[in-house]
$ cat upload-v9.txt   # compact mmCIF, C-alpha atoms
# COMPACT_ATOMS: atom_id res chain seq x y z
CA MET A 1 156.70 43.51 51.00
CA SER A 2 159.06 40.96 52.48
CA ASP A 3 159.86 37.79 50.52
CA SER A 4 160.85 35.88 53.63
CA GLY A 5 157.62 33.87 53.63
CA PRO A 6 155.25 33.24 56.52
CA HIS A 7 156.47 33.83 60.05
CA GLU A 8 157.58 30.70 61.87
CA ASP A 9 156.55 29.99 65.44
CA THR A 10 159.19 30.82 67.99
CA GLY A 11 160.47 28.09 70.29
CA ALA A 12 158.62 29.62 73.23
CA ALA A 13 155.32 29.72 71.34
CA MET A 14 155.76 26.11 70.28
CA GLY A 15 156.55 25.13 73.83
CA PHE A 16 153.41 26.74 75.20
CA ARG A 17 151.30 25.17 72.47
CA GLU A 18 152.70 21.71 73.17
CA ALA A 19 152.28 22.19 76.91
CA ALA A 20 148.68 23.29 76.40
CA ALA A 21 148.09 20.12 74.37
CA LEU A 22 149.47 18.04 77.24
CA LEU A 23 147.22 19.84 79.73
CA ALA A 24 144.21 19.07 77.56
CA GLU A 25 144.60 15.41 78.56
CA PRO A 26 144.17 14.43 82.21
CA TRP A 27 147.37 12.44 82.88
CA PRO A 28 150.45 13.54 80.85
CA SER A 29 151.12 16.64 82.94
CA VAL A 30 150.58 14.64 86.16
CA VAL A 31 153.15 12.05 85.08
CA LEU A 32 155.61 14.79 84.13
CA ARG A 33 155.12 16.40 87.54
CA GLU A 34 155.84 13.13 89.37
CA LEU A 35 158.98 12.51 87.32
CA ALA A 36 160.16 16.09 87.81
CA ASP A 37 160.19 15.54 91.55
CA SER A 38 162.32 12.39 91.34
CA ASP A 39 165.46 10.96 89.78
CA GLY A 40 163.37 8.39 87.97
CA LEU A 41 160.44 6.11 88.82
CA THR A 42 159.51 2.61 87.83
CA PHE A 43 156.11 1.78 86.41
CA ALA A 44 155.05 0.36 89.76
CA ALA A 45 156.23 3.44 91.61
CA LEU A 46 154.34 5.73 89.21
CA ALA A 47 151.18 3.66 89.56
CA ALA A 48 151.45 3.93 93.34
CA ALA A 49 152.06 7.69 93.15
CA ILE A 50 149.03 8.24 90.89
CA PRO A 51 146.40 5.85 92.24
CA ASP A 52 143.54 7.45 90.28
CA VAL A 53 144.88 6.23 86.92
CA ASP A 54 144.51 2.59 85.87
CA GLU A 55 147.53 0.65 84.60
CA GLU A 56 146.37 0.56 80.98
CA THR A 57 145.90 4.35 80.84
CA LEU A 58 149.22 4.91 82.58
CA SER A 59 150.98 2.65 80.09
CA GLU A 60 149.43 4.54 77.14
CA THR A 61 150.40 7.88 78.69
CA LEU A 62 154.00 6.79 79.19
CA SER A 63 154.19 5.53 75.60
CA THR A 64 152.87 8.86 74.31
CA LEU A 65 155.35 10.89 76.36
CA GLU A 66 158.19 8.65 75.25
CA ALA A 67 157.14 9.00 71.61
CA ILE A 68 157.32 12.83 71.80
CA ASP A 69 160.70 12.68 73.55
CA CYS A 70 159.52 13.88 76.95
CA LEU A 71 160.82 10.87 78.85
CA GLU A 72 163.07 7.87 78.39
CA GLN A 73 163.69 4.56 80.10
CA THR A 74 166.92 3.79 81.92
CA GLU A 75 167.98 0.36 83.11
CA ILE A 76 168.28 0.11 86.88
CA SER A 77 168.58 -3.65 87.19
CA ARG A 78 169.55 -6.54 84.88
CA HIS A 79 168.63 -9.41 87.16
CA PRO A 80 165.73 -9.16 87.27
CA PRO A 81 165.44 -6.64 84.40
CA GLU A 82 163.91 -3.37 85.63
CA PHE A 83 163.63 0.07 84.12
CA ALA A 84 162.86 3.54 85.43
CA TYR A 85 161.30 6.45 83.58
CA VAL A 86 163.20 9.75 83.67
CA LEU A 87 162.51 13.13 82.08
CA THR A 88 164.48 14.21 79.05
CA GLY A 89 165.63 17.81 78.68
CA ARG A 90 162.62 18.46 76.47
CA GLY A 91 160.31 16.84 79.02
CA ALA A 92 161.70 19.02 81.82
CA LYS A 93 161.10 22.18 79.78
CA LEU A 94 157.54 21.19 78.89
CA GLU A 95 156.82 20.24 82.50
CA ALA A 96 157.94 23.70 83.66
CA ILE A 97 155.68 25.33 81.07
CA CYS A 98 152.77 23.10 82.15
CA GLN A 99 153.28 24.30 85.71
CA ARG A 100 153.20 27.94 84.65
CA LEU A 101 150.06 27.43 82.60
CA ALA A 102 148.35 25.58 85.44
CA GLU A 103 149.24 28.36 87.89
CA TRP A 104 147.91 30.97 85.47
CA VAL A 105 144.61 29.11 85.14
CA ASP A 106 144.29 28.82 88.93
CA THR A 107 144.91 32.53 89.50
CA ALA A 108 142.97 33.89 86.51
CA PRO A 109 139.85 35.83 87.56
CA THR A 110 136.54 34.09 87.13
CA ASP A 111 134.36 35.22 84.28
CA GLU A 112 132.34 38.28 85.25
CA ARG A 113 128.84 38.95 84.07
CA VAL A 114 128.81 41.94 81.74
CA VAL A 115 126.20 44.69 82.05
CA VAL A 116 125.87 47.73 79.75
CA VAL A 117 124.24 50.81 81.28
CA ALA A 118 122.96 53.19 78.58
CA ASP A 119 121.52 56.57 79.59
CA ASP A 120 122.03 60.05 78.16
CA ASP A 121 121.72 61.56 81.64
CA ARG A 122 125.30 61.17 82.84
CA ARG A 123 124.36 61.51 86.49
CA VAL A 124 121.85 58.68 86.21
CA ALA A 125 124.29 56.54 84.22
CA THR A 126 127.01 57.10 86.82
CA MET A 127 124.64 56.24 89.66
CA HIS A 128 123.36 53.06 88.01
CA THR A 129 126.91 52.00 87.15
CA ALA A 130 128.02 52.51 90.76
CA TRP A 131 125.14 50.37 92.00
CA LEU A 132 126.32 47.44 89.87
CA ALA A 133 130.11 47.83 89.83
CA ASP A 134 130.78 45.61 92.85
CA GLU A 135 129.11 42.58 91.28
CA TYR A 136 129.46 42.94 87.50
CA ALA A 137 131.74 44.22 84.78
CA VAL A 138 129.86 47.38 83.83
CA ARG A 139 130.18 49.36 80.60
CA THR A 140 128.56 52.78 80.25
CA ALA A 141 127.16 54.54 77.18
CA HIS A 142 125.45 57.93 76.80
CA ASP A 143 123.78 57.71 73.39
CA GLY A 144 122.46 55.10 71.02
CA ASP A 145 125.58 54.83 68.87
CA GLU A 146 127.86 54.42 71.89
CA THR A 147 125.52 51.73 73.19
CA VAL A 148 125.79 49.74 69.97
CA GLU A 149 129.59 49.96 70.18
CA GLU A 150 129.54 48.49 73.70
CA LEU A 151 127.27 45.58 72.80
CA GLY A 152 128.43 42.11 71.84
CA PRO A 153 127.59 38.44 72.40
CA GLU A 154 129.37 38.54 75.77
CA VAL A 155 126.95 41.11 77.24
CA ASP A 156 124.50 39.53 79.69
CA VAL A 157 122.22 42.48 80.50
CA LEU A 158 121.53 45.83 78.85
CA VAL A 159 119.98 48.62 80.93
CA LEU A 160 118.51 50.75 78.17
CA ASP A 161 117.09 54.26 78.36
CA ARG A 162 114.34 54.68 75.75
CA ARG A 163 115.09 58.30 74.87
CA MET A 164 118.73 58.91 73.84
CA PRO A 165 120.48 61.05 71.20
CA GLY A 166 121.29 59.36 67.90
CA ARG A 167 119.63 55.98 67.90
CA SER A 168 116.77 55.79 70.35
CA GLY A 169 116.54 53.01 72.88
CA ASP A 170 113.84 51.39 70.75
CA GLU A 171 116.19 51.42 67.74
CA VAL A 172 119.07 50.02 69.76
CA LEU A 173 116.80 47.24 70.99
CA ALA A 174 115.73 46.39 67.43
CA TRP A 175 119.39 46.34 66.33
CA LEU A 176 120.35 44.09 69.25
CA ARG A 177 117.67 41.53 68.43
CA GLU A 178 118.69 41.56 64.75
CA GLN A 179 122.19 40.48 65.81
CA GLY A 180 120.77 37.45 67.59
CA TYR A 181 122.64 38.19 70.85
CA ASP A 182 121.24 36.42 73.91
CA THR A 183 121.21 39.62 75.96
CA ARG A 184 118.48 40.34 78.52
CA VAL A 185 117.18 43.93 78.30
CA VAL A 186 115.58 46.13 80.93
CA MET A 187 114.19 49.32 79.43
CA ILE A 188 114.08 52.32 81.72
CA THR A 189 112.42 55.67 81.08
CA ALA A 190 110.71 58.62 82.71
CA GLU A 191 107.86 58.45 80.19
CA GLU A 192 104.61 56.60 80.73
CA PRO A 193 104.49 53.53 78.48
CA GLY A 194 101.85 52.98 75.81
CA GLU A 195 100.51 50.19 73.66
CA GLU A 196 103.67 50.34 71.49
CA LEU A 197 105.41 48.26 74.17
CA PHE A 198 103.85 45.15 72.64
CA ASP A 199 106.08 45.68 69.61
CA LEU A 200 109.32 45.87 71.65
CA ASP A 201 111.30 42.74 72.53
CA PHE A 202 112.53 43.64 76.03
CA ASP A 203 112.53 41.57 79.24
CA GLU A 204 111.73 44.11 81.98
CA TYR A 205 110.47 47.68 82.09
CA LEU A 206 111.21 50.26 84.77
CA THR A 207 109.87 53.79 85.12
CA LYS A 208 112.22 56.42 86.56
CA PRO A 209 113.00 57.16 89.26
CA VAL A 210 113.86 53.67 90.50
CA SER A 211 115.33 52.70 93.85
CA GLU A 212 118.73 51.05 94.18
CA ALA A 213 117.18 47.90 95.65
CA ALA A 214 114.63 47.55 92.84
CA PHE A 215 117.24 48.30 90.18
CA LYS A 216 119.75 45.73 91.46
CA SER A 217 116.99 43.17 91.95
CA VAL A 218 115.86 43.44 88.33
CA VAL A 219 119.42 43.09 86.97
CA ALA A 220 120.09 40.06 89.19
CA ASP A 221 116.81 38.51 88.09
CA LEU A 222 117.73 38.97 84.42
CA ILE A 223 121.14 37.40 84.99
CA GLU A 224 119.37 34.36 86.42
CA ARG A 225 116.69 34.44 83.73
CA SER A 226 119.32 34.03 81.01
CA GLU A 227 119.51 30.38 82.04
CA TYR A 228 115.78 29.82 81.61
CA ASP A 229 114.02 28.07 78.76
CA SER A 230 113.28 30.50 75.89
CA ARG A 231 109.52 30.01 76.26
CA LEU A 232 109.66 30.92 79.94
CA GLN A 233 111.78 33.97 79.11
CA ALA A 234 109.18 35.08 76.56
CA TYR A 235 106.35 34.58 79.05
CA LEU A 236 108.10 36.62 81.76
CA ALA A 237 108.90 39.38 79.25
CA ARG A 238 105.26 39.61 78.17
CA GLN A 239 104.17 39.64 81.82
CA SER A 240 106.48 42.59 82.45
CA THR A 241 104.90 44.44 79.51
CA VAL A 242 101.39 43.91 80.86
CA GLU A 243 102.41 45.00 84.37
CA ALA A 244 104.01 48.19 83.03
CA LEU A 245 100.87 49.04 81.06
CA HIS A 246 98.58 48.28 83.98
CA ALA A 247 100.66 50.59 86.16
CA ALA A 248 100.45 53.33 83.53
CA ASP A 249 96.70 52.79 83.20
CA GLU A 250 96.24 53.07 86.97
CA ASN A 251 98.20 56.32 87.01
CA GLU A 252 96.02 57.67 84.24
CA THR A 253 92.86 56.55 86.03
CA GLN A 254 93.96 58.27 89.21
CA GLY A 255 94.54 61.44 87.24
CA ASP A 256 91.10 61.15 85.64
CA ASP A 257 89.50 60.59 89.04
CA ALA A 258 91.09 63.75 90.35
CA GLU A 259 89.82 65.64 87.33
CA SER A 260 86.33 64.13 87.65
CA GLN A 261 85.98 65.72 91.06
CA ASN A 262 85.90 69.01 89.22
CA HIS A 263 83.84 67.56 86.33
CA PRO A 264 81.35 65.06 87.80
CA ASP A 265 79.87 64.14 84.40
CA SER A 266 83.15 62.85 82.95
CA ASP A 267 83.62 59.08 82.33
CA THR A 268 86.80 56.98 82.34
CA ASP A 269 87.36 53.64 80.65
CA GLU A 270 90.13 51.24 81.61
CA PHE A 271 91.77 49.35 78.73
CA ASP A 272 92.11 45.58 79.25
CA TRP A 273 95.83 45.07 78.55
CA SER A 274 95.62 41.34 79.28
CA GLU A 275 93.47 40.90 76.16
CA ARG A 276 96.02 42.84 74.06
CA ALA A 277 98.83 40.69 75.48
CA GLY A 278 97.19 37.56 74.15
CA GLU A 279 97.14 38.79 70.56

$ encode --input "upload-v9.txt" --output "structure tokens"
Amino acid sequence: MSDSGPHEDTGAAMGFREAAALLAEPWPSVVLRELADSDGLTFAALAAAIPDVDEETLSETLSTLEAIDCLEQTEISRHPPEFAYVLTGRGAKLEAICQRLAEWVDTAPTDERVVVVADDDRRVATMHTAWLADEYAVRTAHDGDETVEELGPEVDVLVLDRRMPGRSGDEVLAWLREQGYDTRVVMITAEEPGEELFDLDFDEYLTKPVSEAAFKSVVADLIERSEYDSRLQAYLARQSTVEALHAADENETQGDDAESQNHPDSDTDEFDWSERAGE
């Protein structure tokens, strides 16, 4: 192990850090920019060049920059006494770094919404990813463990297949909620849902196959829903559960009706999911 002690910041790193500190305030970098484009400016000339800053703030900014050796005053007239502010060598270097940082911020890509698509059927996963790739940063996983690896607090929406190798979709969902991530979840499966849905903390439920339009609409809705009040999110999630169970119940009833044509004495009972939802 080296005995040289902790690493010291390089000059470049210090310069960027100091420039970033200047950019954190509204006026220092603006004053440096004005002085960089001139051979020196008086207080009155600076005030005229930066009309959005009041004289008191400008005076404080100039004092700060002078104190950290970014500018100095030079005498331009004795009668009457008049001074101009000019950049020092250090000020010129920091101004150049400020410009580079500002340009980097202006050209940096805007934050993308992150969507994780989890499905063990690679064809389905590829298709769903392609549907979303133009609008979101999409990550793909093919089993429960891979899905957990792709999840984090930055993920906005998880498209989660219920039946996957390793951890099931239900287990991944439970893990996600334990982490406290504010991720909206749409569960998607080929299986008919049952009453167990009331124990799952998802936001939307889709039954395969699903159309591109419906799929993209649900993801977009969940992106928007992330801005909603938590109580409204919970209400909409519960509503989705009830709708999924009603749809499953209708499918079952239709199947029973078809069977009853062959067995006229058979009876069917429809479960009232709205009562279960209120529990």

$ residues_near_point --input "upload-v9.txt" --point "(107.8, 61.8, 84.8)" --cutoff "10 Å" --atoms "all atoms listed in the file" --output "number ranges by chain"
A: 189-192, 207-209

$ residues_around --input "upload-v9.txt" --residues "Ser38 of chain A" --least-positions-apart "6" --cutoff "12 Å" --atoms "all atoms listed in the file" --output "list of chain:residue names"
A:Val31, A:Leu32, A:Ala45, A:Leu46, A:Ala49, A:Ala84, A:Tyr85, A:Val86, A:Leu87, A:Ala92

$ write_last_selection --input "upload-v9.txt" --atoms "C-alpha atoms" --output "PDB file, in the frame of the given file"
ATOM      1  CA  VAL A  31     153.150  12.050  85.080  1.00  0.00           C
ATOM      2  CA  LEU A  32     155.610  14.790  84.130  1.00  0.00           C
ATOM      3  CA  ALA A  45     156.230   3.440  91.610  1.00  0.00           C
ATOM      4  CA  LEU A  46     154.340   5.730  89.210  1.00  0.00           C
ATOM      5  CA  ALA A  49     152.060   7.690  93.150  1.00  0.00           C
ATOM      6  CA  ALA A  84     162.860   3.540  85.430  1.00  0.00           C
ATOM      7  CA  TYR A  85     161.300   6.450  83.580  1.00  0.00           C
ATOM      8  CA  VAL A  86     163.200   9.750  83.670  1.00  0.00           C
ATOM      9  CA  LEU A  87     162.510  13.130  82.080  1.00  0.00           C
ATOM     10  CA  ALA A  92     161.700  19.020  81.820  1.00  0.00           C
TER      11      ALA A  92
END

$ atom_distance --input "upload-v9.txt" --atom1 "atom CA of Gly144 of chain A" --atom2 "atom CA of Asp156 of chain A"
17.9 Å

$ closest_residue --input "upload-v9.txt" --among "A:Trp27, A:Trp131, A:Tyr136, A:Phe202" --to "Ala47 of chain A" --atoms "only C-alpha atoms"
A:Trp27

$ atom_distance --input "upload-v9.txt" --atom1 "atom CA of Ile188 of chain A" --atom2 "atom CA of Val124 of chain A"
11.0 Å

$ closest_residue --input "upload-v9.txt" --among "A:Thr57, A:Thr126, A:Ser168, A:Gln99" --to "Asp143 of chain A" --atoms "only C-alpha atoms"
A:Ser168

$ atom_distance --input "upload-v9.txt" --atom1 "atom CA of Val115 of chain A" --atom2 "atom CA of Val138 of chain A"
4.9 Å

$ residues_near_point --input "upload-v9.txt" --point "(147.0, 10.0, 81.3)" --cutoff "12 Å" --atoms "all atoms listed in the file" --output "VMD selection string"
chain A and resid 22 to 32 46 to 47 50 to 65

$ closest_residue --input "upload-v9.txt" --among "A:Phe83, A:Ala141, A:His128, A:Val148" --to "Ala44 of chain A" --atoms "all atoms listed in the file"
A:Phe83
